[in-house]
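One file, final_7.txt, is given below (compact mmCIF, C-alpha atoms (C1' of nucleotides)).
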```
# COMPACT_ATOMS: atom_id res chain seq x y z
CA MET A 740 -14.59 -15.32 13.32
CA THR A 741 -12.68 -14.12 16.33
CA THR A 742 -15.02 -14.78 19.25
CA GLN A 743 -17.14 -17.85 19.88
CA ARG A 744 -17.56 -18.11 23.63
CA PRO A 745 -16.19 -15.53 26.06
CA LEU A 746 -12.42 -15.69 26.12
CA ARG A 747 -10.48 -16.07 29.33
CA ALA A 748 -8.94 -12.91 30.74
CA ASP A 749 -5.39 -13.70 29.64
CA ALA A 750 -6.54 -14.60 26.16
CA GLU A 751 -8.42 -11.34 25.94
CA ARG A 752 -5.23 -9.55 26.92
CA SER A 753 -3.34 -11.38 24.19
CA VAL A 754 -5.90 -10.29 21.62
CA ARG A 755 -5.56 -6.66 22.63
CA ALA A 756 -1.77 -6.85 22.68
CA ILE A 757 -1.73 -8.40 19.23
CA LEU A 758 -4.12 -5.84 17.76
CA GLU A 759 -2.13 -2.94 19.16
CA ALA A 760 1.19 -4.44 18.12
CA ALA A 761 -0.16 -5.10 14.65
CA GLU A 762 -1.11 -1.44 14.36
CA ARG A 763 2.34 -0.32 15.48
CA VAL A 764 4.19 -2.68 13.19
CA LEU A 765 1.97 -2.48 10.11
CA SER A 766 1.77 1.30 10.15
CA ARG A 767 5.52 1.30 9.73
CA ASP A 768 5.62 -1.57 7.25
CA PRO A 769 2.34 -2.84 5.77
CA ALA A 770 4.10 -5.97 4.55
CA ALA A 771 5.45 -6.93 7.96
CA SER A 772 5.28 -10.62 8.80
CA MET A 773 3.18 -12.31 11.47
CA GLU A 774 6.43 -13.04 13.28
CA GLN A 775 7.25 -9.33 13.58
CA ILE A 776 3.77 -8.66 14.90
CA ALA A 777 4.03 -11.50 17.40
CA GLU A 778 7.38 -10.22 18.61
CA ALA A 779 6.05 -6.70 19.04
CA ALA A 780 3.09 -8.08 20.95
CA GLY A 781 5.34 -10.13 23.22
CA VAL A 782 3.70 -13.42 22.30
CA ALA A 783 4.69 -16.47 20.27
CA ARG A 784 3.84 -16.58 16.62
CA ALA A 785 1.64 -19.62 17.24
CA THR A 786 -0.46 -17.57 19.65
CA VAL A 787 -1.19 -15.02 16.98
CA HIS A 788 -2.42 -17.80 14.73
CA ARG A 789 -4.49 -19.25 17.56
CA ARG A 790 -6.34 -15.96 18.05
CA PHE A 791 -6.50 -15.03 14.38
CA THR A 792 -6.58 -18.10 12.18
CA THR A 793 -5.23 -16.18 9.24
CA ARG A 794 -3.41 -12.96 8.45
CA GLN A 795 -6.53 -11.79 6.73
CA ALA A 796 -8.57 -12.47 9.87
CA LEU A 797 -6.24 -10.24 11.86
CA LEU A 798 -6.56 -7.41 9.36
CA ASP A 799 -10.32 -7.81 9.32
CA ALA A 800 -10.46 -7.66 13.10
CA MET A 801 -8.47 -4.43 13.09
CA ALA A 802 -10.71 -2.90 10.45
CA THR A 803 -13.89 -4.00 12.19
CA ASP A 804 -12.68 -2.49 15.43
CA VAL A 805 -11.98 0.84 13.77
CA VAL A 806 -15.34 0.92 12.03
CA ARG A 807 -17.01 0.26 15.37
CA GLN A 808 -15.10 3.19 16.88
CA LEU A 809 -16.19 5.43 14.03
CA ASP A 810 -19.84 4.48 14.39
CA ALA A 811 -19.71 5.10 18.14
CA LEU A 812 -17.99 8.44 17.66
CA ILE A 813 -20.58 9.58 15.14
CA ASP A 814 -23.35 8.58 17.55
CA GLU A 815 -21.79 10.69 20.28
CA ALA A 816 -21.69 13.72 18.00
CA ARG A 817 -25.53 13.71 17.68
CA PRO A 818 -25.40 14.36 13.94
CA GLU A 819 -29.18 14.47 13.61
CA THR A 820 -29.92 16.96 16.35
CA ALA A 821 -26.86 19.09 17.07
CA PRO A 822 -26.17 22.11 14.85
CA PRO A 823 -24.58 20.69 11.70
CA LEU A 824 -21.26 22.51 12.00
CA VAL A 825 -20.96 21.55 15.66
CA ALA A 826 -21.59 17.89 14.89
CA LEU A 827 -19.20 18.12 11.97
CA HIS A 828 -16.49 19.53 14.18
CA ARG A 829 -17.00 16.82 16.81
CA ILE A 830 -16.90 14.09 14.20
CA THR A 831 -13.86 15.58 12.50
CA ALA A 832 -11.92 15.75 15.75
CA GLY A 833 -13.03 12.23 16.65
CA VAL A 834 -12.03 10.76 13.33
CA LEU A 835 -8.66 12.48 13.59
CA ARG A 836 -8.15 10.94 17.02
CA VAL A 837 -8.82 7.49 15.57
CA LYS A 838 -6.65 8.19 12.55
CA LEU A 839 -3.77 9.27 14.76
CA ALA A 840 -4.04 6.22 17.00
CA TRP A 841 -4.85 3.62 14.32
CA PRO A 842 -3.43 4.93 11.06
CA PHE A 843 -2.97 1.53 9.45
CA ALA A 844 -6.30 0.06 10.51
CA MET A 845 -8.05 3.23 9.45
CA ALA A 846 -6.48 3.28 6.01
CA TRP A 847 -7.15 -0.39 5.49
CA SER A 848 -10.74 -0.26 6.68
CA MET A 849 -11.52 2.58 4.28
CA ASP A 850 -9.66 1.01 1.38
CA PRO A 851 -11.95 0.05 -1.51
CA THR A 852 -10.40 -3.43 -1.59
CA SER A 853 -11.19 -3.99 2.07
CA PRO A 854 -14.05 -6.39 2.83
CA LEU A 855 -15.97 -3.77 4.80
CA ALA A 856 -17.99 -2.21 2.04
CA GLU A 857 -21.06 -2.31 4.25
CA GLY A 858 -19.51 -0.32 7.07
CA GLN A 859 -17.92 2.12 4.63
CA ALA A 860 -21.24 2.72 2.95
CA ARG A 861 -23.05 3.21 6.24
CA ILE A 862 -20.54 5.80 7.39
CA ALA A 863 -20.62 7.55 4.02
CA THR A 864 -24.40 7.73 4.24
CA ARG A 865 -24.30 9.21 7.70
CA CYS A 866 -21.71 11.69 6.49
CA ASP A 867 -23.88 12.67 3.55
CA ALA A 868 -26.90 13.14 5.80
CA LEU A 869 -24.94 15.55 7.94
CA LEU A 870 -23.67 17.43 4.92
CA LEU A 871 -27.26 17.77 3.70
CA ARG A 872 -28.22 19.30 7.04
CA ALA A 873 -25.32 21.71 6.68
CA GLN A 874 -26.52 22.52 3.19
CA ALA A 875 -30.03 23.20 4.49
CA ASP A 876 -28.51 25.66 6.93
CA GLY A 877 -26.77 27.48 4.11
CA HIS A 878 -23.25 26.30 4.85
CA LEU A 879 -23.08 24.58 1.47
CA PRO A 880 -24.45 25.94 -1.80
CA PRO A 881 -27.64 24.38 -3.19
CA ASN A 882 -25.87 22.93 -6.23
CA THR A 883 -23.23 21.13 -4.15
CA ASP A 884 -21.69 17.98 -5.63
CA LEU A 885 -22.17 15.80 -2.58
CA PRO A 886 -19.88 12.86 -3.50
CA TRP A 887 -17.07 15.24 -4.40
CA THR A 888 -17.58 17.16 -1.17
CA ARG A 889 -17.37 13.98 0.88
CA ARG A 890 -14.27 12.82 -0.95
CA VAL A 891 -12.59 16.17 -0.39
CA TYR A 892 -13.53 15.90 3.27
CA TYR A 893 -11.99 12.42 3.50
CA ALA A 894 -8.87 13.60 1.71
CA LEU A 895 -8.44 16.54 4.06
CA LEU A 896 -8.89 14.25 7.04
CA GLY A 897 -6.20 11.98 5.68
CA GLU A 898 -3.87 14.87 5.05
CA ALA A 899 -4.41 16.44 8.45
CA ALA A 900 -3.64 13.15 10.16
CA HIS A 901 -0.23 13.05 8.48
CA THR A 902 0.80 16.33 10.05
CA PRO A 903 4.50 16.04 10.77
CA THR A 904 4.32 18.09 13.95
CA ASP A 905 4.43 16.12 17.17
CA ILE A 906 1.29 15.56 19.21
CA PRO A 907 -1.14 17.59 17.11
CA ASP A 908 -4.34 18.63 18.88
CA PRO A 909 -7.35 17.02 17.18
CA ASP A 910 -9.54 20.04 17.80
CA THR A 911 -7.07 22.43 16.22
CA LEU A 912 -6.70 20.09 13.28
CA ALA A 913 -10.47 19.77 12.98
CA THR A 914 -10.80 23.53 12.72
CA LEU A 915 -8.14 23.58 10.03
CA VAL A 916 -9.85 20.79 8.10
CA LEU A 917 -13.29 22.37 8.20
CA ASN A 918 -12.05 25.85 7.36
CA THR A 919 -10.18 24.44 4.39
CA LEU A 920 -13.15 22.32 3.36
CA LEU A 921 -15.61 25.20 3.40
CA HIS A 922 -13.47 28.10 2.28
CA GLY A 923 -10.38 26.67 0.64
CA VAL A 924 -6.97 28.22 1.02
CA GLY A 925 -7.72 31.37 -0.95
CA PRO A 926 -8.37 34.81 0.57
CA ARG A 927 -11.65 35.25 2.47
CA THR A 928 -13.50 37.99 0.63
CA MET B 914 21.33 1.09 -13.14
CA THR B 915 19.18 0.35 -16.15
CA THR B 916 21.13 1.71 -19.09
CA GLN B 917 24.82 1.32 -19.80
CA ARG B 918 25.25 1.45 -23.56
CA PRO B 919 22.38 2.08 -25.99
CA LEU B 920 20.06 -0.92 -26.06
CA ARG B 921 19.13 -2.64 -29.26
CA ALA B 922 15.72 -1.71 -30.67
CA ASP B 923 14.00 -4.91 -29.58
CA ALA B 924 15.42 -4.63 -26.09
CA GLU B 925 14.17 -1.08 -25.88
CA ARG B 926 10.75 -2.33 -26.87
CA SER B 927 10.87 -4.94 -24.13
CA VAL B 928 11.71 -2.29 -21.57
CA ARG B 929 8.74 -0.17 -22.58
CA ALA B 930 6.40 -3.17 -22.63
CA ILE B 931 7.55 -4.21 -19.18
CA LEU B 932 7.17 -0.73 -17.71
CA GLU B 933 3.68 -0.35 -19.12
CA ALA B 934 2.64 -3.85 -18.08
CA ALA B 935 4.01 -3.25 -14.60
CA GLU B 936 1.87 -0.15 -14.33
CA ARG B 937 -1.24 -2.04 -15.44
CA VAL B 938 -0.65 -4.97 -13.12
CA LEU B 939 0.65 -3.14 -10.06
CA SER B 940 -2.07 -0.53 -10.09
CA ARG B 941 -4.53 -3.39 -9.65
CA ASP B 942 -2.40 -5.33 -7.17
CA PRO B 943 0.70 -3.65 -5.72
CA ALA B 944 1.93 -7.03 -4.49
CA ALA B 945 1.78 -8.68 -7.90
CA SER B 946 4.70 -10.95 -8.75
CA MET B 947 7.34 -10.47 -11.43
CA GLU B 948 5.74 -13.41 -13.22
CA GLN B 949 2.42 -11.62 -13.52
CA ILE B 950 4.17 -8.56 -14.84
CA ALA B 951 6.14 -10.59 -17.34
CA GLU B 952 2.99 -12.32 -18.54
CA ALA B 953 1.18 -9.00 -18.96
CA ALA B 954 4.16 -7.67 -20.90
CA GLY B 955 4.22 -10.69 -23.16
CA VAL B 956 7.79 -11.59 -22.27
CA ALA B 957 9.45 -14.34 -20.24
CA ARG B 958 10.11 -13.77 -16.58
CA ALA B 959 13.84 -14.10 -17.21
CA THR B 960 13.65 -11.17 -19.61
CA VAL B 961 12.20 -8.94 -16.93
CA HIS B 962 15.12 -9.83 -14.70
CA ARG B 963 17.55 -9.22 -17.53
CA ARG B 964 16.29 -5.67 -18.02
CA PHE B 965 15.71 -4.91 -14.34
CA THR B 966 18.07 -6.87 -12.15
CA THR B 967 15.73 -6.62 -9.21
CA ARG B 968 12.12 -5.91 -8.41
CA GLN B 969 13.27 -2.75 -6.70
CA ALA B 970 15.12 -1.67 -9.85
CA LEU B 971 11.89 -1.98 -11.82
CA LEU B 972 9.95 0.11 -9.32
CA ASP B 973 12.72 2.71 -9.30
CA ALA B 974 12.69 2.90 -13.07
CA MET B 975 8.95 3.49 -13.07
CA ALA B 976 9.23 6.19 -10.45
CA THR B 977 12.13 7.88 -12.18
CA ASP B 978 10.21 7.94 -15.42
CA VAL B 979 7.22 9.58 -13.77
CA VAL B 980 9.33 12.21 -12.05
CA ARG B 981 10.93 13.02 -15.37
CA GLN B 982 7.47 13.47 -16.91
CA LEU B 983 6.47 15.77 -14.07
CA ASP B 984 9.55 17.93 -14.43
CA ALA B 985 8.99 18.21 -18.18
CA LEU B 986 5.35 19.09 -17.71
CA ILE B 987 6.17 21.80 -15.21
CA ASP B 988 8.72 23.24 -17.60
CA GLU B 989 6.12 23.43 -20.35
CA ALA B 990 3.74 25.33 -18.09
CA ARG B 991 6.24 28.23 -17.77
CA PRO B 992 5.65 28.57 -14.04
CA GLU B 993 8.02 31.50 -13.72
CA THR B 994 6.64 33.70 -16.46
CA ALA B 995 3.03 32.76 -17.20
CA PRO B 996 0.28 34.21 -14.98
CA PRO B 997 0.32 32.08 -11.82
CA LEU B 998 -3.21 30.75 -12.14
CA VAL B 999 -2.67 29.87 -15.78
CA ALA B 1000 0.51 27.97 -14.99
CA LEU B 1001 -1.22 26.32 -12.07
CA HIS B 1002 -4.04 25.16 -14.29
CA ARG B 1003 -1.66 23.78 -16.89
CA ILE B 1004 0.33 21.94 -14.28
CA THR B 1005 -2.77 20.60 -12.58
CA ALA B 1006 -4.15 19.23 -15.83
CA GLY B 1007 -0.77 17.78 -16.71
CA VAL B 1008 -0.30 16.08 -13.37
CA LEU B 1009 -3.80 14.64 -13.65
CA ARG B 1010 -2.94 13.23 -17.05
CA VAL B 1011 0.10 11.51 -15.59
CA LYS B 1012 -1.83 10.32 -12.57
CA LEU B 1013 -4.53 8.83 -14.78
CA ALA B 1014 -2.03 7.05 -17.01
CA TRP B 1015 0.46 5.98 -14.31
CA PRO B 1016 -1.44 5.78 -11.04
CA PHE B 1017 0.82 3.22 -9.43
CA ALA B 1018 4.11 4.78 -10.48
CA MET B 1019 2.84 8.19 -9.44
CA ALA B 1020 1.78 7.03 -5.99
CA TRP B 1021 5.00 5.15 -5.49
CA SER B 1022 7.25 7.97 -6.69
CA MET B 1023 5.60 10.41 -4.30
CA ASP B 1024 5.57 7.98 -1.37
CA PRO B 1025 7.80 9.10 1.50
CA THR B 1026 9.44 5.66 1.59
CA SER B 1027 10.37 5.89 -2.07
CA PRO B 1028 14.06 6.51 -2.85
CA LEU B 1029 13.30 9.68 -4.82
CA ALA B 1030 13.43 12.23 -2.05
CA GLU B 1031 15.48 14.50 -4.28
CA GLY B 1032 12.96 14.60 -7.10
CA GLN B 1033 10.09 14.97 -4.67
CA ALA B 1034 11.79 17.89 -3.00
CA ARG B 1035 12.60 19.60 -6.30
CA ILE B 1036 9.00 19.35 -7.44
CA ALA B 1037 7.72 20.57 -4.08
CA THR B 1038 10.03 23.55 -4.30
CA ARG B 1039 8.84 24.43 -7.78
CA CYS B 1040 5.27 24.06 -6.57
CA ASP B 1041 5.94 26.37 -3.64
CA ALA B 1042 7.54 28.97 -5.90
CA LEU B 1043 4.46 29.03 -8.05
CA LEU B 1044 2.19 29.29 -5.02
CA LEU B 1045 4.26 32.24 -3.83
CA ARG B 1046 3.73 33.96 -7.16
CA ALA B 1047 0.01 33.34 -6.82
CA GLN B 1048 0.19 34.80 -3.34
CA ALA B 1049 1.95 37.88 -4.64
CA ASP B 1050 -0.90 38.34 -7.11
CA GLY B 1051 -3.42 38.20 -4.28
CA HIS B 1052 -4.81 34.74 -5.00
CA LEU B 1053 -3.64 33.51 -1.62
CA PRO B 1054 -3.78 35.49 1.63
CA PRO B 1055 -0.51 36.89 3.03
CA ASN B 1056 -0.59 34.62 6.09
CA THR B 1057 -0.92 31.42 4.01
CA ASP B 1058 0.47 28.21 5.51
CA LEU B 1059 2.44 27.14 2.47
CA PRO B 1060 3.20 23.51 3.40
CA TRP B 1061 -0.44 22.91 4.30
CA THR B 1062 -1.56 24.53 1.07
CA ARG B 1063 0.71 22.31 -0.94
CA ARG B 1064 -0.44 19.20 0.88
CA VAL B 1065 -4.07 20.09 0.31
CA TYR B 1066 -3.25 20.60 -3.36
CA TYR B 1067 -1.59 17.18 -3.56
CA ALA B 1068 -4.53 15.58 -1.76
CA LEU B 1069 -7.05 17.15 -4.13
CA LEU B 1070 -5.00 15.99 -7.10
CA GLY B 1071 -5.03 12.47 -5.71
CA GLU B 1072 -8.74 12.58 -5.10
CA ALA B 1073 -9.58 14.00 -8.50
CA ALA B 1074 -7.55 11.27 -10.19
CA HIS B 1075 -9.70 8.61 -8.49
CA THR B 1076 -12.84 9.95 -10.08
CA PRO B 1077 -15.04 6.95 -10.79
CA THR B 1078 -16.47 8.42 -14.00
CA ASP B 1079 -15.05 7.03 -17.21
CA ILE B 1080 -12.57 9.03 -19.23
CA PRO B 1081 -12.53 12.21 -17.16
CA ASP B 1082 -11.26 15.30 -18.94
CA PRO B 1083 -8.08 16.57 -17.25
CA ASP B 1084 -8.94 20.20 -17.90
CA THR B 1085 -12.37 19.88 -16.32
CA LEU B 1086 -10.85 18.09 -13.36
CA ALA B 1087 -8.15 20.75 -13.07
CA THR B 1088 -10.78 23.45 -12.82
CA LEU B 1089 -12.56 21.47 -10.14
CA VAL B 1090 -9.33 20.97 -8.20
CA LEU B 1091 -8.30 24.61 -8.32
CA ASN B 1092 -11.75 25.93 -7.49
CA THR B 1093 -11.92 23.62 -4.50
CA LEU B 1094 -8.38 24.50 -3.46
CA LEU B 1095 -8.95 28.24 -3.54
CA HIS B 1096 -12.57 28.51 -2.44
CA GLY B 1097 -13.49 25.24 -0.76
CA VAL B 1098 -16.88 23.65 -1.16
CA GLY B 1099 -18.79 26.28 0.81
CA PRO B 1100 -20.96 29.00 -0.73
CA ARG B 1101 -19.16 31.77 -2.62
CA THR B 1102 -20.01 34.94 -0.74
C1' DG C 1150 25.48 -12.09 -44.56
C1' DT C 1151 27.53 -12.26 -40.38
C1' DG C 1152 28.44 -11.50 -35.80
C1' DA C 1153 26.67 -9.49 -31.72
C1' DT C 1154 22.70 -9.08 -29.06
C1' DC C 1155 18.46 -10.43 -27.40
C1' DT C 1156 14.84 -13.83 -26.30
C1' DG C 1157 12.04 -18.01 -24.49
C1' DA C 1158 12.07 -22.03 -22.07
C1' DG C 1159 13.18 -24.60 -18.37
C1' DA C 1160 15.67 -25.89 -14.45
C1' DC C 1161 17.92 -24.59 -10.19
C1' DA C 1162 18.98 -23.07 -5.41
C1' DG C 1163 17.81 -20.05 -1.96
C1' DT C 1164 14.76 -17.34 0.97
C1' DA C 1165 10.76 -16.23 3.50
C1' DG C 1166 6.38 -16.54 5.02
C1' DT C 1167 2.10 -19.23 6.31
C1' DG C 1168 -0.59 -22.22 8.86
C1' DT C 1169 -0.61 -26.64 11.72
C1' DT C 1170 0.53 -29.69 15.32
C1' DG C 1171 2.14 -31.83 19.78
C1' DC C 1172 3.59 -31.30 24.25
C1' DA C 1173 5.06 -29.62 28.63
C1' DG C 1174 4.29 -25.90 31.68
C1' DT C 1175 1.56 -21.84 33.33
C1' DT C 1176 -2.58 -19.33 34.54
C1' DA C 1177 -7.34 -18.24 35.32
C1' DG C 1178 -11.71 -19.20 37.52
C1' DG C 1179 -15.42 -22.05 39.67
C1' DC D 363 -7.80 -26.78 44.61
C1' DC D 364 -8.56 -28.74 40.40
C1' DT D 365 -9.85 -28.55 35.87
C1' DA D 366 -10.09 -26.29 31.64
C1' DA D 367 -8.04 -22.91 29.03
C1' DC D 368 -4.14 -20.73 27.55
C1' DT D 369 0.84 -20.21 26.40
C1' DG D 370 5.74 -20.90 24.60
C1' DC D 371 8.60 -23.64 21.98
C1' DA D 372 9.98 -26.34 18.33
C1' DA D 373 9.13 -28.85 14.54
C1' DC D 374 6.80 -29.66 10.24
C1' DA D 375 4.86 -29.41 5.45
C1' DC D 376 3.60 -26.32 2.14
C1' DT D 377 3.46 -22.53 -1.01
C1' DA D 378 5.22 -18.67 -3.43
C1' DC D 379 8.51 -15.60 -5.09
C1' DT D 380 13.18 -14.18 -6.28
C1' DG D 381 17.25 -14.22 -8.75
C1' DT D 382 20.54 -17.01 -11.61
C1' DC D 383 22.03 -19.87 -15.22
C1' DT D 384 22.30 -22.34 -19.64
C1' DC D 385 21.41 -23.01 -24.30
C1' DA D 386 19.24 -23.13 -28.66
C1' DG D 387 17.06 -20.11 -31.72
C1' DA D 388 15.36 -15.50 -33.28
C1' DT D 389 16.37 -10.72 -34.35
C1' DC D 390 18.85 -6.69 -35.11
C1' DA D 391 22.76 -3.63 -36.86
C1' DC D 392 26.29 -2.81 -39.76
```

Would you kindly transcribe this structure into structure tokens?
Amino acid sequence: MTTQRPLRADAERSVRAILEAAERVLSRDPAASMEQIAEAAGVARATVHRRFTTRQALLDAMATDVVRQLDALIDEARPETAPPLVALHRITAGVLRVKLAWPFAMAWSMDPTSPLAEGQARIATRCDALLLRAQADGHLPPNTDLPWTRRVYYALLGEAAHTPTDIPDPDTLATLVLNTLLHGVGPRT
Amino acid sequence: MTTQRPLRADAERSVRAILEAAERVLSRDPAASMEQIAEAAGVARATVHRRFTTRQALLDAMATDVVRQLDALIDEARPETAPPLVALHRITAGVLRVKLAWPFAMAWSMDPTSPLAEGQARIATRCDALLLRAQADGHLPPNTDLPWTRRVYYALLGEAAHTPTDIPDPDTLATLVLNTLLHGVGPRT
DNA sequence: GTGATCTGAGACAGTAGTGTTGCAGTTAGG
DNA sequence: CCTAACTGCAACACTACTGTCTCAGATCAC
């Protein structure tokens, strides 16, 4: 939808500026107009429509970009070969980085009404596979409810990314998320 | 804003129908128009505007109603006298009931951009007080991060309410939420 | 029953956003 | 350097929603 033949350098710059501006503006107000996005990007409204024929196309581009980042980040964590908890920590920190930089795109791309069911499902599957490895290593009980576990994991990620403190460290947050996921907030016996 | 002198019986009925229709429609599409809401309520669009001068007024009324339900439900759980975990279970089940019946109003009333900061804060305070009692009874460790605990609790409530299964039982869900909150998904040692 | 209140229907003006187009001027790239 | 690609600007048609108003008729409350 967005690319047909390679764009010229300045056009490529416009695309980036628009995507980043859209993130800034929409994370503050999801109903913001194309005009507000254009203004924040420092381009004319017509230019936004030239690069993204429709508002929906812009949102899709943002979501696609985020999903691509997530896939890449999971690859880098070596989820099939690294020790499960290590891979889990890497992925958690990586996802938090993306969430902190692209909160709107992230939320939208994982929304059930978003047109990225395929990407969502692929990521969920990879997540489940890693959780199964963790289970095999005894970090999860044999009778674990896998869907519930994944949903709790997602929810904790979302919550951690909303931390009010300034400039949170993704690795610290990842530790918090995984500790909470595995052991809850109750006393360690 | 909404009530000045007691409404006539039929007007009261319209108000209820509109509120319930708004919940149905907006939980499917948060951007739905007043016309769609009116149609779902079985009244004319003008009637919606007569009862709620503005779209915002309608949303506020929904949120206010939900906050009132939450306060009542917390009262009934006797959070200051009942054993902390018992009160917590009652409240959890109650909140889940409200969340299942009023998902949109609930989300909107707890949204940071919603104009109900006061109610949100009061409920958070009551929640914290109960968590402190649980801590005093040894159900939470002494060094507990209370805000994080509360946010995890909220997140788990939200996740449990999105359970895809049909007609989930609030008490079963409450047990799941509290077990996960206190012990996580890892193996019980 | 009677008057006050509420409703549906329809029309109205006003606002705001979307997506398109044409054109003159700028910029990138071979 | 010269062409093709890109941009800003301004205008345009279009759609959709909001909020208001009027009025005739239904419904409630006393």

Checklist entry - Leaving out D:DT384 and any residue of its chain fewer than 3 positions from it, which residues lie within 12 Å of it when counting all atoms listed in the file, given as a ChimeraX atom specification? => result /C:1158-1161

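Rounded to one decimal, atom CA of A:Asp810 and atom CA of A:Ala868 lie 14.1 Å from each other.
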
TODO: Using all atoms listed in the file, find the residues of chain B whose closest atom to chain A is at most 10 Å away, then write them as a ChimeraX atom specification.
DONE: /B:941-942,944,1026,1047-1048,1051-1059,1061-1073,1075-1076,1089-1102

Correct to one decimal, the distance atom C1' of C:DT1154-atom CA of B:Glu936 is 27.0 Å

Margin query: Can you tell me which residues surround stretch 771-778 of chain A at a distance of at most 7 Å, considering only C-alpha atoms (C1' of nucleotides), apart from same-chain residues fewer than 5 positions away, and format the answer as a count of residues only?
Written below: 8

| field | Contact residues (chain C, partner chain B, 8 Å, only C-alpha atoms (C1' of nucleotides)) as a PyMOL selection string | value | chain C and resi 1154-1157

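You will find atom C1' of C:DG1168 at 18.3 Å from atom CA of A:Val754.
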
* Return as number ranges by chain the residues belonging to chain D that are within 10 Å of chain A, counting all atoms listed in the file. => D: 367-371

Within 10 Å of A:Arg817 using all atoms listed in the file, minus same-chain residues under 5 positions, as a PyMOL selection string: chain A and resi 812+822-823+825-827+829-830+869

Atoms to include: C-alpha atoms. Write the selected residues as a PDB file, in the frame of the given file.
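Output (out-v9.pdb):
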```pdb
ATOM      1  CA  LEU A 812     -17.990   8.440  17.660  1.00  0.00           C
ATOM      2  CA  PRO A 822     -26.170  22.110  14.850  1.00  0.00           C
ATOM      3  CA  PRO A 823     -24.580  20.690  11.700  1.00  0.00           C
ATOM      4  CA  VAL A 825     -20.960  21.550  15.660  1.00  0.00           C
ATOM      5  CA  ALA A 826     -21.590  17.890  14.890  1.00  0.00           C
ATOM      6  CA  LEU A 827     -19.200  18.120  11.970  1.00  0.00           C
ATOM      7  CA  ARG A 829     -17.000  16.820  16.810  1.00  0.00           C
ATOM      8  CA  ILE A 830     -16.900  14.090  14.200  1.00  0.00           C
ATOM      9  CA  LEU A 869     -24.940  15.550   7.940  1.00  0.00           C
TER      10      LEU A 869
END
```

Please reconstruct the missing atoms of stretch 846-856 of chain A (target: N, CA, C and O atoms) and return them as a short mmCIF file (atom, residue, chain, number, x, y, z; two decimals), keeping the file's coordinate frame.
```cif
data_model
loop_
_atom_site.label_atom_id
_atom_site.label_comp_id
_atom_site.auth_asym_id
_atom_site.auth_seq_id
_atom_site.Cartn_x
_atom_site.Cartn_y
_atom_site.Cartn_z
N ALA A 846 -6.69 3.28 7.45
CA ALA A 846 -6.48 3.28 6.01
C ALA A 846 -7.02 2.00 5.39
O ALA A 846 -7.69 2.03 4.36
N TRP A 847 -6.74 0.89 6.04
CA TRP A 847 -7.15 -0.39 5.49
C TRP A 847 -8.68 -0.54 5.52
O TRP A 847 -9.28 -1.04 4.57
N SER A 848 -9.30 -0.07 6.58
CA SER A 848 -10.74 -0.26 6.68
C SER A 848 -11.48 0.61 5.67
O SER A 848 -12.59 0.28 5.26
N MET A 849 -10.86 1.72 5.25
CA MET A 849 -11.52 2.58 4.28
C MET A 849 -11.06 2.29 2.85
O MET A 849 -11.56 2.89 1.91
N ASP A 850 -10.13 1.37 2.71
CA ASP A 850 -9.66 1.01 1.38
C ASP A 850 -10.78 0.34 0.59
O ASP A 850 -11.53 -0.46 1.14
N PRO A 851 -10.89 0.67 -0.70
CA PRO A 851 -11.95 0.05 -1.51
C PRO A 851 -11.82 -1.47 -1.59
O PRO A 851 -12.82 -2.17 -1.76
N THR A 852 -10.60 -1.98 -1.48
CA THR A 852 -10.40 -3.43 -1.59
C THR A 852 -10.66 -4.13 -0.26
O THR A 852 -10.58 -5.36 -0.19
N SER A 853 -10.91 -3.37 0.77
CA SER A 853 -11.19 -3.99 2.07
C SER A 853 -12.58 -4.61 2.08
O SER A 853 -13.48 -4.14 1.40
N PRO A 854 -12.77 -5.68 2.84
CA PRO A 854 -14.05 -6.39 2.83
C PRO A 854 -15.05 -5.76 3.78
O PRO A 854 -15.81 -6.45 4.42
N LEU A 855 -15.05 -4.43 3.89
CA LEU A 855 -15.97 -3.77 4.80
C LEU A 855 -16.84 -2.77 4.07
O LEU A 855 -17.19 -1.71 4.61
N ALA A 856 -17.20 -3.12 2.86
CA ALA A 856 -17.99 -2.21 2.04
C ALA A 856 -19.23 -1.74 2.79
O ALA A 856 -19.62 -0.57 2.70
#
```
